[in-house]
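As provided, run-v6.cif (mmCIF, C-alpha atoms) reads as follows.
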data_upload
loop_
_atom_site.label_atom_id
_atom_site.label_comp_id
_atom_site.auth_asym_id
_atom_site.auth_seq_id
_atom_site.Cartn_x
_atom_site.Cartn_y
_atom_site.Cartn_z
CA MET A 229 -7.76 11.43 -15.01
CA PRO A 230 -10.85 9.27 -15.55
CA GLU A 231 -14.25 10.82 -15.00
CA LEU A 232 -14.71 12.05 -11.44
CA ILE A 233 -18.12 12.60 -9.88
CA THR A 234 -18.06 15.04 -6.98
CA LEU A 235 -19.58 18.27 -5.66
CA THR A 236 -19.36 21.69 -7.25
CA ARG A 237 -20.23 23.61 -4.09
CA GLU A 238 -21.12 23.14 -0.42
CA GLY A 239 -24.63 21.80 0.14
CA SER A 240 -27.07 21.86 3.03
CA SER A 241 -30.43 20.46 4.11
CA ARG A 242 -32.81 20.46 7.04
CA ILE A 243 -35.68 18.08 7.75
CA GLU A 244 -37.85 17.47 10.79
CA ILE A 245 -39.28 14.06 11.65
CA LYS A 246 -41.33 13.47 14.81
CA GLN A 247 -39.80 16.54 16.46
CA SER A 248 -36.21 15.45 15.71
CA VAL A 249 -34.34 17.90 13.49
CA PHE A 250 -31.77 16.59 11.02
CA ILE A 251 -29.32 19.17 9.58
CA GLY A 252 -27.31 17.99 6.61
CA SER A 253 -24.21 19.44 5.00
CA SER A 254 -21.88 18.34 2.23
CA LYS A 255 -18.56 19.52 0.86
CA ARG A 256 -15.92 18.55 -1.66
CA VAL A 257 -12.68 17.48 0.06
CA SER A 258 -9.38 16.24 -1.31
CA SER A 259 -7.64 14.74 1.73
CA LYS A 260 -8.31 13.02 5.04
CA GLU A 261 -7.22 16.17 6.85
CA GLU A 262 -9.63 18.32 4.89
CA ALA A 263 -12.48 15.88 5.55
CA GLU A 264 -11.75 15.84 9.28
CA GLU A 265 -11.57 19.63 9.37
CA PHE A 266 -14.98 19.81 7.70
CA ILE A 267 -16.50 17.46 10.29
CA LYS A 268 -14.84 19.38 13.13
CA HIS A 269 -16.32 22.60 11.79
CA GLU A 270 -19.81 21.10 11.55
CA LYS A 271 -19.61 19.88 15.16
CA SER A 272 -18.58 23.36 16.29
CA LEU A 273 -21.71 24.83 14.69
CA TYR A 274 -24.04 22.67 16.80
CA PRO A 275 -22.21 21.99 20.08
CA ASP A 276 -25.42 21.08 21.91
CA ALA A 277 -26.55 18.46 19.36
CA LYS A 278 -26.49 14.86 20.53
CA HIS A 279 -25.33 13.26 17.29
CA CYS A 280 -23.10 14.37 14.40
CA CYS A 281 -22.94 11.46 11.94
CA TYR A 282 -20.91 11.54 8.76
CA ALA A 283 -19.24 9.73 5.88
CA TRP A 284 -16.56 10.59 3.37
CA ARG A 285 -14.78 8.99 0.39
CA LEU A 286 -11.42 9.93 -1.13
CA ARG A 287 -9.44 9.04 -4.24
CA GLN A 288 -6.26 9.65 -2.26
CA GLY A 289 -5.39 6.25 -0.83
CA ASN A 290 -8.85 4.93 -1.75
CA LEU A 291 -9.98 5.88 1.76
CA SER A 292 -13.46 6.08 3.25
CA LYS A 293 -14.90 6.52 6.71
CA SER A 294 -18.29 6.69 8.40
CA THR A 295 -19.57 6.96 11.94
CA ASP A 296 -22.89 6.62 13.76
CA ASP A 297 -21.74 8.90 16.60
CA GLY A 298 -23.88 7.27 19.26
CA GLU A 299 -26.83 6.27 17.08
CA PRO A 300 -27.65 2.52 16.87
CA SER A 301 -25.07 0.71 14.78
CA GLY A 302 -25.64 0.95 11.05
CA THR A 303 -28.42 3.55 11.19
CA ALA A 304 -26.54 6.73 10.26
CA GLY A 305 -22.93 6.56 9.07
CA MET A 306 -23.33 3.55 6.80
CA PRO A 307 -26.47 4.89 5.06
CA LEU A 308 -24.56 8.13 4.39
CA LEU A 309 -21.56 6.22 3.03
CA SER A 310 -23.90 4.13 0.87
CA LEU A 311 -25.20 7.34 -0.70
CA LEU A 312 -21.66 8.19 -1.82
CA GLN A 313 -20.87 4.67 -2.99
CA ASN A 314 -24.11 4.07 -4.87
CA SER A 315 -23.86 7.41 -6.71
CA GLU A 316 -20.11 6.82 -7.34
CA MET A 317 -19.33 10.16 -5.72
CA ILE A 318 -15.83 10.63 -4.38
CA ASP A 319 -13.63 13.35 -2.87
CA CYS A 320 -16.57 14.55 -0.82
CA ALA A 321 -17.98 14.38 2.69
CA VAL A 322 -21.54 14.44 3.98
CA CYS A 323 -22.54 15.14 7.57
CA VAL A 324 -25.92 15.03 9.31
CA THR A 325 -26.40 16.55 12.76
CA ARG A 326 -29.42 15.46 14.80
CA TYR A 327 -31.30 17.28 17.52
CA PHE A 328 -33.32 14.60 19.31
CA GLY A 329 -36.98 15.53 19.72
CA GLY A 330 -37.87 13.01 22.41
CA ILE A 331 -39.65 10.48 20.19
CA LEU A 332 -37.79 7.31 19.25
CA LEU A 333 -37.75 6.65 15.50
CA GLY A 334 -36.58 3.05 15.54
CA LYS A 335 -33.72 1.72 13.42
CA GLY A 336 -35.67 1.85 10.18
CA GLY A 337 -36.84 5.38 10.87
CA LEU A 338 -33.31 6.53 11.61
CA VAL A 339 -31.95 5.01 8.41
CA ARG A 340 -34.64 6.76 6.38
CA ALA A 341 -34.13 10.09 8.14
CA TYR A 342 -30.34 10.15 7.81
CA THR A 343 -30.59 9.00 4.21
CA GLU A 344 -33.12 11.72 3.35
CA ALA A 345 -31.11 14.49 5.01
CA GLY A 346 -27.84 13.30 3.47
CA LYS A 347 -29.37 12.90 0.02
CA ALA A 348 -30.81 16.43 0.14
CA ALA A 349 -27.47 17.91 1.27
CA LEU A 350 -25.59 16.14 -1.53
CA ALA A 351 -28.14 17.20 -4.14
CA ASP A 352 -27.84 20.80 -2.95
CA GLY A 353 -24.07 20.52 -3.49
CA MET A 354 -24.78 20.11 -7.23
CA PRO A 355 -22.90 16.90 -8.11
CA ALA A 356 -21.14 17.02 -11.47
CA SER A 357 -18.75 15.00 -13.57
CA PHE A 358 -15.21 16.27 -14.02
CA ARG A 359 -12.41 15.28 -16.38
CA SER A 360 -8.79 16.26 -16.79
CA GLY A 361 -8.24 18.97 -19.40
CA ILE A 362 -5.54 21.12 -20.95
CA THR A 363 -5.56 24.89 -21.38
CA TYR A 364 -4.33 26.26 -24.69
CA GLN A 365 -3.51 29.86 -25.56
CA VAL A 366 -4.37 30.57 -29.18
CA LEU A 367 -2.98 33.70 -30.85
CA MET A 368 -4.86 34.64 -34.04
CA ASP A 369 -5.66 37.49 -36.40
CA TYR A 370 -8.89 39.42 -35.88
CA PRO A 371 -10.68 38.22 -39.06
CA LEU A 372 -10.51 34.63 -37.78
CA TYR A 373 -11.84 35.31 -34.29
CA ASP A 374 -15.63 35.05 -34.76
CA ARG A 375 -15.46 31.92 -36.90
CA PHE A 376 -12.94 30.27 -34.59
CA VAL A 377 -15.09 30.87 -31.50
CA ARG A 378 -18.26 29.71 -33.24
CA GLU A 379 -16.82 26.47 -34.61
CA ALA A 380 -14.70 25.65 -31.56
CA THR A 381 -17.75 26.04 -29.33
CA ALA A 382 -19.82 23.85 -31.67
CA ARG A 383 -17.20 21.10 -31.29
CA GLY A 384 -17.47 21.21 -27.50
CA PHE A 385 -14.25 23.06 -26.71
CA ASP A 386 -14.45 25.47 -23.75
CA VAL A 387 -13.64 28.89 -25.18
CA GLY A 388 -12.74 31.63 -22.69
CA GLU A 389 -12.54 35.39 -22.96
CA GLY A 390 -10.21 36.88 -25.56
CA VAL A 391 -7.50 39.44 -24.88
CA PHE A 392 -7.49 41.95 -27.72
CA GLY A 393 -4.17 43.52 -28.66
CA GLN A 394 -2.40 43.52 -32.00
CA LYS A 395 -3.88 40.04 -32.30
CA VAL A 396 -6.50 38.11 -30.33
CA ASP A 397 -5.14 35.92 -27.53
CA LEU A 398 -7.76 33.32 -26.66
CA ALA A 399 -7.76 30.74 -23.86
CA VAL A 400 -9.39 27.41 -24.75
CA ARG A 401 -9.84 24.47 -22.41
CA VAL A 402 -9.92 21.02 -23.96
CA LYS A 403 -10.48 17.54 -22.55
CA GLU A 404 -7.12 15.80 -22.32
CA GLU A 405 -8.17 13.04 -24.71
CA ASP A 406 -9.29 15.65 -27.26
CA ALA A 407 -5.99 17.56 -27.35
CA GLY A 408 -4.96 16.16 -30.72
CA LEU A 409 -8.38 16.90 -32.22
CA PHE A 410 -8.19 20.50 -31.04
CA GLU A 411 -4.69 21.03 -32.38
CA ASP A 412 -5.77 19.67 -35.78
CA PHE A 413 -8.89 21.85 -35.73
CA ALA A 414 -6.94 25.03 -34.86
CA THR A 415 -4.38 24.32 -37.56
CA ASP A 416 -6.99 23.59 -40.23
CA ILE A 417 -9.33 26.52 -39.52
CA SER A 418 -6.44 29.02 -39.48
CA SER A 419 -4.51 27.41 -42.35
CA GLY A 420 -1.64 27.03 -39.92
CA ARG A 421 -1.47 30.73 -39.02
CA ALA A 422 -2.81 30.48 -35.46
CA ILE A 423 -0.10 30.11 -32.83
CA LEU A 424 -0.91 27.48 -30.20
CA THR A 425 0.74 27.34 -26.78
CA LYS A 426 -0.05 24.26 -24.71
CA GLY A 427 -0.49 25.18 -21.06
CA GLU A 428 -1.06 23.40 -17.79
CA LYS A 429 -3.56 20.70 -17.01
CA CYS A 430 -6.90 21.81 -15.65
CA GLU A 431 -10.12 20.28 -14.38
CA MET A 432 -13.17 20.49 -16.63
CA ASN A 433 -16.76 20.36 -15.45
CA GLY A 434 -18.67 17.93 -17.63
CA GLY A 435 -22.08 19.00 -16.39
CA ILE A 436 -24.40 18.82 -13.38
CA LEU A 437 -25.79 15.35 -12.68
CA ASP A 438 -29.25 14.46 -11.37
CA LEU A 439 -28.19 11.71 -8.96
CA PHE A 440 -30.77 12.01 -6.23
#
What is this structure when it is put down as structure tokens?
Amino acid sequence: MPELITLTREGSSRIEIKQSVFIGSSKRVSSKEEAEEFIKHEKSLYPDAKHCCYAWRLRQGNLSKSTDDGEPSGTAGMPLLSLLQNSEMIDCAVCVTRYFGGILLGKGGLVRAYTEAGKAALADGMPASFRSGITYQVLMDYPLYDRFVREATARGFDVGEGVFGQKVDLAVRVKEEDAGLFEDFATDISSGRAILTKGEKCEMNGGILDLF
């Protein structure tokens, strides 16, 4: 898959502006049903709140949705969706629940408040880039182990824990586009003695991003 920017965990936020409280939350989702379940859950947490505004974007079907939930048109849902679009985040949902404090904020004030709460919730969810990878099992002799781990790590391959039996069985995750490079590396460093087993595809975290 191409690079994917999404959340690594659930995020939350809380801000207060002119006595109105804005409670933000964010979550990685992979389907419309999962996104709707997340929003339903958030609404259940604050049943007495007047507004529960949200937005989500999905790779599946290239779908997106946002709602103002009773706020003036364009002041809540669209600013939240713009946060996802402008940061190129996908497969995630962001929701902001508002407890009205009795003081009107005006359209501009609402846009700023929902944007601030949504941005903080997304940042707390630790956005990261992800790429498709492949897991390899590498069976090697003990004398090779330390050098293999050191040099594989230096080349950016994700080396896991070894299982130590008669030989060392090591799991290594590699970006899909680097599979050939890894196979050549493993063959060269072991002089062809390491036994490689190509496993299933996996998702690799390319690092936390400072988007907000």
Could you make a table, as a Markdown table, of the residues of range 267-324 of chain A that have an atom within 10 Å of an atom of range 240-246 of chain A, each with its nearest atom pair and distance in Å to one decimal, counting all atoms listed in the file, in chain and number order?
| residue | atom | partner | partner_atom | distance |
| --- | --- | --- | --- | --- |
| A:Val322 | CA | A:Ser240 | CA | 9.3 |
| A:Cys323 | CA | A:Ser240 | CA | 9.3 |
| A:Val324 | CA | A:Ser241 | CA | 8.8 |
Same residues, C-alpha atoms, saved as a CSV table (one decimal), in the frame of the given file:
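So the final result, stored in again.csv, reads:
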chain,number,residue,atom,x,y,z
A,322,VAL,CA,-21.5,14.4,4.0
A,323,CYS,CA,-22.5,15.1,7.6
A,324,VAL,CA,-25.9,15.0,9.3
*Name the residues within 12 Å of (-11.3, 33.0, -24.9), counting only C-alpha atoms in the file's coordinates, and put them as number ranges by chain.*
A: 363-368, 373-374, 376-378, 380-381, 385-392, 396-401
Using only C-alpha atoms, what table do you get, as JSON lines, when you list each residue of range 314-410 of chain A with an atom no more than 7 Å from range 252-257 of chain A, its nearest pair of atoms, and their distance in Å rounded to one decimal, rows by chain then rising number?
{"residue": "A:Asp319", "atom": "CA", "partner": "A:Val257", "partner_atom": "CA", "distance": 5.2}
{"residue": "A:Cys320", "atom": "CA", "partner": "A:Arg256", "partner_atom": "CA", "distance": 4.1}
{"residue": "A:Ala321", "atom": "CA", "partner": "A:Lys255", "partner_atom": "CA", "distance": 5.5}
{"residue": "A:Val322", "atom": "CA", "partner": "A:Ser254", "partner_atom": "CA", "distance": 4.3}
{"residue": "A:Cys323", "atom": "CA", "partner": "A:Ser253", "partner_atom": "CA", "distance": 5.3}
{"residue": "A:Val324", "atom": "CA", "partner": "A:Gly252", "partner_atom": "CA", "distance": 4.2}
{"residue": "A:Thr325", "atom": "CA", "partner": "A:Gly252", "partner_atom": "CA", "distance": 6.4}
{"residue": "A:Ala345", "atom": "CA", "partner": "A:Gly252", "partner_atom": "CA", "distance": 5.4}
{"residue": "A:Gly346", "atom": "CA", "partner": "A:Gly252", "partner_atom": "CA", "distance": 5.7}
{"residue": "A:Ala349", "atom": "CA", "partner": "A:Ser253", "partner_atom": "CA", "distance": 5.2}
{"residue": "A:Leu350", "atom": "CA", "partner": "A:Ser254", "partner_atom": "CA", "distance": 5.7}
{"residue": "A:Gly353", "atom": "CA", "partner": "A:Ser254", "partner_atom": "CA", "distance": 6.5}
*Could you write out as a PyMOL selection string the residues that the PyMOL selection byres ((chain A and resi 437) around 7) matches in the shown file?*
chain A and resi 355-356+435-436+438-439
*I would like the residues chosen by the PyMOL selection byres ((chain A and resi 430) around 7) on the shown file; could you give them as a list in words?*
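For this structure, the PyMOL selection byres ((chain A and resi 430) around 7) captures Ser360, Gly361, Ile362, Thr363, Glu428, Lys429, Glu431 and Met432 of chain A.
When only C-alpha atoms are used to compute distances to Ile417 in chain A, the closest of the residues A:Asp369, A:Glu344, A:Asp296, A:Glu264 turns out to be A:Asp369.
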*asked:* Considering only C-alpha atoms, can you say which of A:Lys403, A:Gly337, A:Ile318, A:Leu372 comes closest to Thr236 in chain A?
replied: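 Of the candidates, the smallest distance to Thr236 in chain A is held by A:Ile318.
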_Output check: residues returned by the PyMOL selection byres ((chain A and resi 274-281) around 8), as a ChimeraX atom specification_ = /A:270-273,282-283,294-299,304-305,323-328
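Nearest-residue note for Ile331 in chain A: choosing from A:Asn433, A:Gln394, A:Ser248, A:Thr234, the minimum distance belongs to A:Ser248, counting all atoms listed in the file.
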*Enter the distance from CA of Ala414 in chain A to CA of Phe358 in chain A, in Å, rounded to one decimal.*
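Between these atoms lies a distance of 24.1 Å.
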*How many Å separate CA of Lys335 in chain A from CA of Met354 in chain A?*
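Those two atoms sit 29.1 Å apart.
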*Point-to-point distance in Å for CA of Glu261 in chain A and CA of Asn290 in chain A*: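 Answer for the CA of Asn290 in chain A to CA of Glu261 in chain A separation: 14.2 Å.
In terms of minimum interatomic distance to Ser418 in chain A, A:Arg375 ranks closest within A:His269, A:Arg375, A:Ser259, A:Ser310, counting all atoms listed in the file.
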*For Leu338 in chain A, which residue out of A:Pro371, A:Gly393, A:Phe250, A:Gly408 is the nearest one, using only C-alpha atoms?*
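Checking each of A:Pro371, A:Gly393, A:Phe250, A:Gly408 against Leu338 in chain A, counting only C-alpha atoms, the winner is A:Phe250.
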*Nearest to Ser315 in chain A among A:Gln247, A:Gly239, A:Arg359, A:Arg285, with distances taken over all atoms listed in the file: which residue is it?*
A:Arg285
